[in-house]
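Only one structure is covered here, and it is reproduced in the block below.
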Amino acid sequence: MKPLNASDAVSVIKDCITRIVPDADFTRLEPDDKFRDVLELDSLDFLSLVELLSERTGVRIDEADYPELTTLSDATRFLVERTARPPGPRR
């Protein structure tokens with residue numbers, strides 16, 4: 001996938017969340033809120049989100065990366081940075 005800008009990344013994240021929680025109310029979600037709490041995503045929902053984000057963006061997301069996917073702003077920054085650089089060897 002081509003590099004994402006912040007706007008594109010937010011759209012991908014929201015679309016993926018909506019696929020998991022169709023009635024997600026993004027009006028209640030501020031950029032630095034933990035979206036798992038605000039949108040009531042359980043552990044399985046979160047893992048589904050990680051899988052969808054990886055599929056949609058082509059970004060490998062390891063368990064060590066999960067803390068970077070807790071807020072909308074963190075997840076956006078993560079996807080922008082990861083799509084901006086070519087894939088490298090595993091960490």
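The chains in the structure tokens are called A, B, ... from first to last as shown; in each chain the residues are counted from 1, and the ligands are counted from 1 in the order shown.
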
Report as a ChimeraX atom specification all protein, DNA and RNA residues lying within 12 Å of Leu41 (chain A), evaluated on only C-alpha atoms, omitting residues in the same chain fewer than 3 positions from it.
/A:17-18,20-24,34-38,44-50,70

| task | Please measure the separation of CA of Asp62 (chain A) and CA of Arg28 (chain A), giving the value in Å to one decimal. | result |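 Between CA of Asp62 (chain A) and CA of Arg28 (chain A) the gap works out to 28.2 Å.
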
- Message: I need the residues in region 38-85 of chain A that are helix (DSSP H, G or I) according to DSSP; give them as a VMD selection string.
- Response: chain A and resid 38 43 to 57 63 to 69 72 to 84

Selected residue, from A:Leu29, A:Cys16, A:Ala84, A:Val59, that lies nearest to Leu72 (chain A) when counting only C-alpha atoms:
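Among A:Leu29, A:Cys16, A:Ala84, A:Val59, it is A:Leu29 that comes nearest to Leu72 (chain A).
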
Between CA of Thr83 (chain A) and CA of Asp33 (chain A), what is the distance in Å, rounded to a tenth?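 According to the coordinates, CA of Thr83 (chain A) and CA of Asp33 (chain A) are separated by 23.2 Å.
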
Taken to one decimal, the CA of Asp8 (chain A)-CA of Pro67 (chain A) distance is 20.9 Å

*Measuring atom to atom with only C-alpha atoms, identify which of A:Ser11, A:Lys2, A:Leu79, A:Asp74 is nearest to Pro31 (chain A).*
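Using only C-alpha atoms, Pro31 (chain A) sits closest to A:Asp74.
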